[in-house]
$ cat start.txt   # compact mmCIF, C-alpha atoms
# COMPACT_ATOMS: atom_id res chain seq x y z
CA MET Z 1 0.32 2.04 3.79
CA ASN Z 2 -2.35 3.61 1.59
CA GLU Z 3 -1.86 3.45 -2.13
CA GLY Z 4 -1.45 6.62 -4.12
CA MET Z 5 -0.61 7.97 -7.55
CA VAL Z 6 1.98 10.44 -8.75
CA ILE Z 7 2.88 11.86 -12.16
CA VAL Z 8 6.54 12.65 -12.79
CA GLN Z 9 7.07 15.30 -15.46
CA GLY Z 10 10.40 17.00 -15.67
CA GLY Z 11 14.00 16.89 -16.71
CA GLY Z 12 13.83 19.02 -19.83
CA ASN Z 13 15.04 22.32 -18.40
CA GLY Z 14 18.42 20.93 -17.33
CA LEU Z 15 18.80 18.31 -20.05
CA LEU Z 16 21.67 19.93 -21.93
CA GLU Z 17 23.57 20.70 -18.72
CA ASN Z 18 22.92 17.37 -16.96
CA GLY Z 19 22.95 15.00 -19.93
CA ARG Z 20 21.03 11.83 -20.70
CA GLU Z 21 22.32 9.51 -17.99
CA ALA Z 22 21.92 11.94 -15.08
CA THR Z 23 18.43 12.94 -16.26
CA VAL Z 24 17.25 9.33 -16.59
CA ASN Z 25 18.80 8.36 -13.24
CA ALA Z 26 17.18 11.29 -11.42
CA ILE Z 27 13.73 10.47 -12.79
CA MET Z 28 14.07 6.74 -12.13
CA LYS Z 29 15.19 7.44 -8.56
CA VAL Z 30 11.87 9.23 -7.97
CA VAL Z 31 9.96 6.34 -9.57
CA GLU Z 32 11.71 3.70 -7.47
CA ARG Z 33 11.18 5.66 -4.25
CA ALA Z 34 7.48 6.07 -5.01
CA GLN Z 35 7.02 2.39 -5.83
CA LYS Z 36 8.71 1.37 -2.57
CA ASN Z 37 6.00 3.40 -0.84
CA ASN Z 38 3.22 1.63 -2.79
CA VAL Z 39 2.58 4.64 -5.02
CA ARG Z 40 1.64 4.17 -8.69
CA VAL Z 41 3.73 6.32 -11.00
CA ALA Z 42 3.28 7.76 -14.46
CA VAL Z 43 6.40 9.18 -16.06
CA THR Z 44 5.78 11.61 -18.90
CA SER Z 45 8.16 11.89 -21.79
CA LEU Z 46 10.31 14.99 -21.92
CA PHE Z 47 8.65 17.55 -24.15
CA ARG Z 48 9.99 18.61 -27.50
CA ARG Z 49 10.96 22.23 -27.45
CA PRO Z 50 10.17 24.32 -30.51
CA VAL Z 51 13.08 26.73 -29.86
CA CYS Z 52 15.78 24.22 -28.90
CA ASN Z 53 18.69 23.07 -30.96
CA GLU Z 54 19.46 19.68 -32.51
CA GLU Z 55 21.44 18.58 -29.44
CA TYR Z 56 18.38 18.99 -27.21
CA GLU Z 57 16.23 17.10 -29.72
CA ARG Z 58 18.75 14.26 -29.89
CA LEU Z 59 19.04 13.99 -26.10
CA HIS Z 60 15.28 14.35 -25.64
CA LYS Z 61 14.70 11.32 -27.88
CA LYS Z 62 17.37 9.25 -26.10
CA VAL Z 63 16.06 10.09 -22.64
CA ASN Z 64 12.50 9.25 -23.65
CA ARG Z 65 13.59 5.96 -25.17
CA ASN Z 66 15.62 5.05 -22.05
CA LEU Z 67 12.78 6.00 -19.69
CA HIS Z 68 10.24 4.06 -21.75
CA GLU Z 69 12.44 0.96 -21.76
CA LYS Z 70 13.03 1.13 -18.00
CA ILE Z 71 9.34 1.65 -17.26
CA LEU Z 72 8.41 -1.27 -19.54
CA VAL Z 73 10.76 -3.55 -17.60
CA MET Z 74 9.19 -2.39 -14.33
CA LYS Z 75 5.70 -2.80 -15.81
CA ALA Z 76 6.45 -6.40 -16.88
CA GLU Z 77 7.62 -7.20 -13.36
CA SER Z 78 4.47 -5.62 -11.92
CA ILE Z 79 2.27 -7.68 -14.22
CA ARG Z 80 4.11 -10.82 -13.18
CA LYS Z 81 3.40 -9.94 -9.55
CA ARG Z 82 -0.21 -8.94 -10.41
CA GLU Z 83 0.37 -5.35 -9.35
CA VAL Z 84 -0.66 -2.16 -11.14
CA GLY Z 85 2.89 -0.82 -11.60
CA SER Z 86 4.14 2.28 -13.38
CA SER Z 87 3.34 3.81 -16.74
CA PHE Z 88 5.10 5.86 -19.39
CA LEU Z 89 3.02 8.65 -20.93
CA ASP Z 90 4.42 9.64 -24.31
CA MET Z 91 3.60 13.28 -24.93
CA ASP Z 92 5.44 13.83 -28.23
CA ASP Z 93 2.35 13.50 -30.41
CA LEU Z 94 0.14 15.34 -27.93
CA ILE Z 95 2.23 18.38 -27.08
CA GLN Z 96 3.15 20.10 -30.35
CA ALA Z 97 4.96 23.39 -31.00
CA ALA Z 98 1.66 25.29 -31.07
CA CYS Z 99 1.06 24.30 -27.42
CA PHE Z 100 4.00 26.40 -26.19
CA LEU Z 101 4.28 30.07 -25.35
CA ARG Z 102 6.65 32.15 -27.49
CA ASP Z 103 9.53 31.26 -25.17
CA GLY Z 104 9.26 27.66 -26.38
CA VAL Z 105 9.58 26.33 -22.84
CA TYR Z 106 6.27 26.88 -21.07
CA LEU Z 107 2.86 25.68 -22.19
CA TRP Z 108 0.04 28.05 -22.97
CA GLN Z 109 -3.58 27.18 -22.12
CA GLU Z 110 -4.15 24.68 -24.97
CA GLY Z 111 -1.02 22.76 -23.98
CA LYS Z 112 -1.96 22.78 -20.31
CA THR Z 113 -5.45 21.53 -21.16
CA LYS Z 114 -4.13 18.67 -23.31
CA LEU Z 115 -1.63 17.73 -20.64
CA SER Z 116 -4.27 17.82 -17.88
CA GLN Z 117 -6.69 15.70 -19.91
CA ARG Z 118 -4.00 13.08 -20.49
CA PHE Z 119 -3.19 13.02 -16.78
CA ILE Z 120 -6.87 12.65 -15.87
CA SER Z 121 -7.20 9.71 -18.29
CA TRP Z 122 -4.25 7.96 -16.63
CA ILE Z 123 -5.60 8.65 -13.13
CA ARG Z 124 -9.02 7.24 -14.02
CA ALA Z 125 -7.58 4.13 -15.69
CA THR Z 126 -5.18 3.49 -12.81
CA HIS Z 127 -7.93 3.99 -10.26
CA LEU Z 128 -10.12 1.45 -12.05
CA LEU Z 129 -7.26 -1.06 -12.13
CA MET Z 130 -6.60 -0.54 -8.44
CA GLU Z 131 -10.30 -0.99 -7.59
CA GLY Z 132 -10.50 -4.14 -9.72
CA ARG Z 133 -7.51 -5.63 -7.98
CA MET Z 134 -9.02 -5.00 -4.57
CA ASP Z 135 -12.28 -6.84 -5.36
$ encode --input "start.txt" --output "C-alpha cells"
Amino acid sequence: MNEGMVIVQGGGNGLLENGREATVNAIMKVVERAQKNNVRVAVTSLFRRPVCNEEYERLHKKVNRNLHEKILVMKAESIRKREVGSSFLDMDDLIQAACFLRDGVYLWQEGKTKLSQRFISWIRATHLLMEGRMD
C-alpha cells in the first residue's frame, strides 16, 4: 500500500458534551486506523477557545495532555521499529485569542494562515523523513 499523510484536528466542538475520555478515544481510533493503513498522522491539540468557560479550558488541557502522551508512546514504538510514526502538533502557543472570529470558535484569516503554515511544515518534514528512509 502507498504511504500517505493525514492531519487530525478536531474534538473541541463536542468536548463539553462528550468529555475527555470519549474525545481522546475517538481521536486515537482515527490515528490507529490510519497507521494500520501505513498513513503518517499528525494530531493537533484542541484549540483554546476565547469565549469558553473554565470547564472547557480544564478539559482542553487534559485532552491535549492525554493525546500528547499517547502519541509519544506510539512515536517511541515507531522509532524502535525505524518507522516515521505519528506526531502531536501543539497549537496552544500558535493559535491565540486574536486568531478567532468574534464567535470564539472559528478562525479568521490570520489563524487559518498560521494553522496552514504549521501543517505545511509538518508535511515537509515528514516527507523528508519518508524519503530518507526509502534511500
$ closest_residue --input "start.txt" --among "Z:Glu21, Z:Glu69, Z:Glu32, Z:Glu131" --to "Z:Val8" --atoms "all atoms listed in the file"
Z:Glu32
$ atom_distance --input "start.txt" --atom1 "atom CA of Z:Gly10" --atom2 "atom CA of Z:Asp90"
12.8 Å
$ atom_distance --input "start.txt" --atom1 "atom CA of Z:Leu94" --atom2 "atom CA of Z:Leu115"
7.9 Å
$ axis_aligned_box --input "start.txt" --around "stretch 87-95 of chain Z" --padding-each-side "3 Å" --output "AutoDock Vina command-line options"
--center_x 2.8 --center_y 11.1 --center_z -23.6 --size_x 11.3 --size_y 20.6 --size_z 19.7
$ closest_residue --input "start.txt" --among "Z:Phe47, Z:His127, Z:Cys99, Z:Arg58" --to "Z:Lys112" --atoms "all atoms listed in the file"
Z:Cys99
$ residues_around --input "start.txt" --residues "Z:Asp92" --least-positions-apart "3" --cutoff "10 Å" --atoms "only C-alpha atoms" --output "number ranges by chain"
Z: 44-48, 61, 64, 89, 95-97
$ closest_residue --input "start.txt" --among "Z:Ala42, Z:Leu129, Z:Ile79, Z:Val51" --to "Z:Asp103" --atoms "only C-alpha atoms"
Z:Val51
$ closest_residue --input "start.txt" --among "Z:Leu67, Z:Gly85, Z:Glu110, Z:Ala22" --to "Z:Asn37" --atoms "all atoms listed in the file"
Z:Gly85
$ atom_distance --input "start.txt" --atom1 "atom CA of Z:Ala98" --atom2 "atom CA of Z:Gly111"
8.0 Å
$ closest_residue --input "start.txt" --among "Z:Met91, Z:Lys62, Z:Gly104, Z:Gly12" --to "Z:Ser116" --atoms "only C-alpha atoms"
Z:Met91
$ closest_residue --input "start.txt" --among "Z:Val41, Z:Cys52, Z:Leu128, Z:Ala76" --to "Z:Ile27" --atoms "only C-alpha atoms"
Z:Val41
$ residues_around --input "start.txt" --residues "Z:Gly4" --least-positions-apart "6" --cutoff "8 Å" --atoms "only C-alpha atoms" --output "compact mmCIF listing (two decimals) with C-alpha atoms, keeping the file's coordinate frame"
# COMPACT_ATOMS: atom_id res chain seq x y z
CA ASN Z 38 3.22 1.63 -2.79
CA VAL Z 39 2.58 4.64 -5.02
CA ARG Z 40 1.64 4.17 -8.69
$ decode --input "start.txt" --residues "stretch 8-42 of chain Z" --atoms "N, CA, C and O atoms" --output "mmCIF file, in the first residue's frame"
data_model
loop_
_atom_site.group_PDB
_atom_site.id
_atom_site.type_symbol
_atom_site.label_atom_id
_atom_site.label_comp_id
_atom_site.auth_asym_id
_atom_site.auth_seq_id
_atom_site.Cartn_x
_atom_site.Cartn_y
_atom_site.Cartn_z
ATOM 1 N N VAL Z 8 -5.106 15.228 11.830
ATOM 2 C CA VAL Z 8 -6.356 15.090 12.574
ATOM 3 C C VAL Z 8 -6.491 16.314 13.481
ATOM 4 O O VAL Z 8 -5.680 16.526 14.376
ATOM 5 N N GLN Z 9 -7.510 17.115 13.216
ATOM 6 C CA GLN Z 9 -7.761 18.304 14.021
ATOM 7 C C GLN Z 9 -9.240 18.324 14.335
ATOM 8 O O GLN Z 9 -10.067 18.442 13.440
ATOM 9 N N GLY Z 10 -9.572 18.160 15.575
ATOM 10 C CA GLY Z 10 -10.984 18.171 15.920
ATOM 11 C C GLY Z 10 -11.205 17.755 17.353
ATOM 12 O O GLY Z 10 -10.273 17.461 18.087
ATOM 13 N N GLY Z 11 -12.447 17.743 17.750
ATOM 14 C CA GLY Z 11 -12.812 17.315 19.084
ATOM 15 C C GLY Z 11 -13.256 18.431 19.996
ATOM 16 O O GLY Z 11 -13.868 18.189 21.032
ATOM 17 N N GLY Z 12 -12.948 19.663 19.633
ATOM 18 C CA GLY Z 12 -13.267 20.781 20.509
ATOM 19 C C GLY Z 12 -14.739 21.134 20.566
ATOM 20 O O GLY Z 12 -15.263 21.478 21.624
ATOM 21 N N ASN Z 13 -15.441 21.025 19.435
ATOM 22 C CA ASN Z 13 -16.849 21.440 19.412
ATOM 23 C C ASN Z 13 -17.721 20.616 20.353
ATOM 24 O O ASN Z 13 -18.628 21.141 20.964
ATOM 25 N N GLY Z 14 -17.447 19.336 20.477
ATOM 26 C CA GLY Z 14 -18.270 18.483 21.330
ATOM 27 C C GLY Z 14 -17.610 18.131 22.654
ATOM 28 O O GLY Z 14 -18.074 17.217 23.344
ATOM 29 N N LEU Z 15 -16.551 18.824 23.008
ATOM 30 C CA LEU Z 15 -15.772 18.453 24.191
ATOM 31 C C LEU Z 15 -16.597 18.455 25.478
ATOM 32 O O LEU Z 15 -16.532 17.499 26.255
ATOM 33 N N LEU Z 16 -17.359 19.477 25.705
ATOM 34 C CA LEU Z 16 -18.134 19.545 26.952
ATOM 35 C C LEU Z 16 -19.217 18.470 26.990
ATOM 36 O O LEU Z 16 -19.480 17.904 28.054
ATOM 37 N N GLU Z 17 -19.806 18.168 25.848
ATOM 38 C CA GLU Z 17 -20.861 17.152 25.805
ATOM 39 C C GLU Z 17 -20.276 15.741 25.893
ATOM 40 O O GLU Z 17 -20.828 14.873 26.564
ATOM 41 N N ASN Z 18 -19.173 15.496 25.186
ATOM 42 C CA ASN Z 18 -18.603 14.150 25.100
ATOM 43 C C ASN Z 18 -17.634 13.815 26.224
ATOM 44 O O ASN Z 18 -17.471 12.657 26.573
ATOM 45 N N GLY Z 19 -16.951 14.803 26.751
ATOM 46 C CA GLY Z 19 -15.994 14.582 27.828
ATOM 47 C C GLY Z 19 -14.616 14.187 27.334
ATOM 48 O O GLY Z 19 -14.393 13.933 26.148
ATOM 49 N N ARG Z 20 -13.680 14.133 28.266
ATOM 50 C CA ARG Z 20 -12.277 13.862 27.951
ATOM 51 C C ARG Z 20 -12.069 12.487 27.348
ATOM 52 O O ARG Z 20 -11.479 12.335 26.280
ATOM 53 N N GLU Z 21 -12.538 11.464 28.035
ATOM 54 C CA GLU Z 21 -12.255 10.091 27.612
ATOM 55 C C GLU Z 21 -12.810 9.784 26.221
ATOM 56 O O GLU Z 21 -12.107 9.227 25.362
ATOM 57 N N ALA Z 22 -14.049 10.152 25.971
ATOM 58 C CA ALA Z 22 -14.656 9.877 24.662
ATOM 59 C C ALA Z 22 -13.952 10.662 23.557
ATOM 60 O O ALA Z 22 -13.763 10.141 22.452
ATOM 61 N N THR Z 23 -13.550 11.885 23.844
ATOM 62 C CA THR Z 23 -12.849 12.704 22.848
ATOM 63 C C THR Z 23 -11.502 12.099 22.503
ATOM 64 O O THR Z 23 -11.158 11.928 21.328
ATOM 65 N N VAL Z 24 -10.726 11.738 23.528
ATOM 66 C CA VAL Z 24 -9.416 11.117 23.300
ATOM 67 C C VAL Z 24 -9.574 9.802 22.547
ATOM 68 O O VAL Z 24 -8.854 9.535 21.574
ATOM 69 N N ASN Z 25 -10.513 8.972 22.962
ATOM 70 C CA ASN Z 25 -10.722 7.674 22.314
ATOM 71 C C ASN Z 25 -11.107 7.821 20.839
ATOM 72 O O ASN Z 25 -10.623 7.069 19.988
ATOM 73 N N ALA Z 26 -11.964 8.791 20.538
ATOM 74 C CA ALA Z 26 -12.391 8.994 19.150
ATOM 75 C C ALA Z 26 -11.214 9.417 18.276
ATOM 76 O O ALA Z 26 -11.038 8.911 17.162
ATOM 77 N N ILE Z 27 -10.397 10.309 18.776
ATOM 78 C CA ILE Z 27 -9.237 10.778 18.010
ATOM 79 C C ILE Z 27 -8.221 9.655 17.845
ATOM 80 O O ILE Z 27 -7.694 9.427 16.751
ATOM 81 N N MET Z 28 -7.956 8.918 18.913
ATOM 82 C CA MET Z 28 -6.962 7.844 18.833
ATOM 83 C C MET Z 28 -7.439 6.706 17.924
ATOM 84 O O MET Z 28 -6.628 6.048 17.279
ATOM 85 N N LYS Z 29 -8.729 6.501 17.841
ATOM 86 C CA LYS Z 29 -9.268 5.485 16.932
ATOM 87 C C LYS Z 29 -8.927 5.837 15.480
ATOM 88 O O LYS Z 29 -8.539 4.975 14.694
ATOM 89 N N VAL Z 30 -9.046 7.118 15.145
ATOM 90 C CA VAL Z 30 -8.688 7.581 13.800
ATOM 91 C C VAL Z 30 -7.188 7.384 13.562
ATOM 92 O O VAL Z 30 -6.776 6.908 12.503
ATOM 93 N N VAL Z 31 -6.373 7.724 14.555
ATOM 94 C CA VAL Z 31 -4.920 7.580 14.431
ATOM 95 C C VAL Z 31 -4.548 6.113 14.204
ATOM 96 O O VAL Z 31 -3.760 5.788 13.303
ATOM 97 N N GLU Z 32 -5.085 5.231 15.012
ATOM 98 C CA GLU Z 32 -4.764 3.808 14.901
ATOM 99 C C GLU Z 32 -5.204 3.234 13.560
ATOM 100 O O GLU Z 32 -4.468 2.462 12.937
ATOM 101 N N ARG Z 33 -6.361 3.630 13.091
ATOM 102 C CA ARG Z 33 -6.841 3.150 11.785
ATOM 103 C C ARG Z 33 -5.911 3.640 10.667
ATOM 104 O O ARG Z 33 -5.562 2.881 9.764
ATOM 105 N N ALA Z 34 -5.507 4.875 10.731
ATOM 106 C CA ALA Z 34 -4.611 5.422 9.708
ATOM 107 C C ALA Z 34 -3.271 4.700 9.719
ATOM 108 O O ALA Z 34 -2.745 4.332 8.668
ATOM 109 N N GLN Z 35 -2.719 4.481 10.908
ATOM 110 C CA GLN Z 35 -1.418 3.814 10.998
ATOM 111 C C GLN Z 35 -1.487 2.378 10.474
ATOM 112 O O GLN Z 35 -0.534 1.907 9.861
ATOM 113 N N LYS Z 36 -2.584 1.698 10.702
ATOM 114 C CA LYS Z 36 -2.741 0.333 10.180
ATOM 115 C C LYS Z 36 -2.712 0.322 8.657
ATOM 116 O O LYS Z 36 -2.374 -0.678 8.045
ATOM 117 N N ASN Z 37 -3.070 1.463 8.064
ATOM 118 C CA ASN Z 37 -3.063 1.595 6.605
ATOM 119 C C ASN Z 37 -1.811 2.309 6.105
ATOM 120 O O ASN Z 37 -1.804 2.842 5.000
ATOM 121 N N ASN Z 38 -0.761 2.324 6.943
ATOM 122 C CA ASN Z 38 0.540 2.881 6.573
ATOM 123 C C ASN Z 38 0.476 4.379 6.276
ATOM 124 O O ASN Z 38 1.171 4.876 5.390
ATOM 125 N N VAL Z 39 -0.380 5.086 6.991
ATOM 126 C CA VAL Z 39 -0.537 6.525 6.834
ATOM 127 C C VAL Z 39 0.090 7.220 8.037
ATOM 128 O O VAL Z 39 -0.157 6.833 9.180
ATOM 129 N N ARG Z 40 0.905 8.221 7.787
ATOM 130 C CA ARG Z 40 1.520 9.015 8.857
ATOM 131 C C ARG Z 40 0.499 10.025 9.344
ATOM 132 O O ARG Z 40 -0.215 10.631 8.542
ATOM 133 N N VAL Z 41 0.442 10.215 10.645
ATOM 134 C CA VAL Z 41 -0.605 11.042 11.242
ATOM 135 C C VAL Z 41 -0.003 12.138 12.100
ATOM 136 O O VAL Z 41 0.933 11.903 12.863
ATOM 137 N N ALA Z 42 -0.572 13.325 11.970
ATOM 138 C CA ALA Z 42 -0.291 14.411 12.908
ATOM 139 C C ALA Z 42 -1.608 14.738 13.600
ATOM 140 O O ALA Z 42 -2.627 14.951 12.947
#
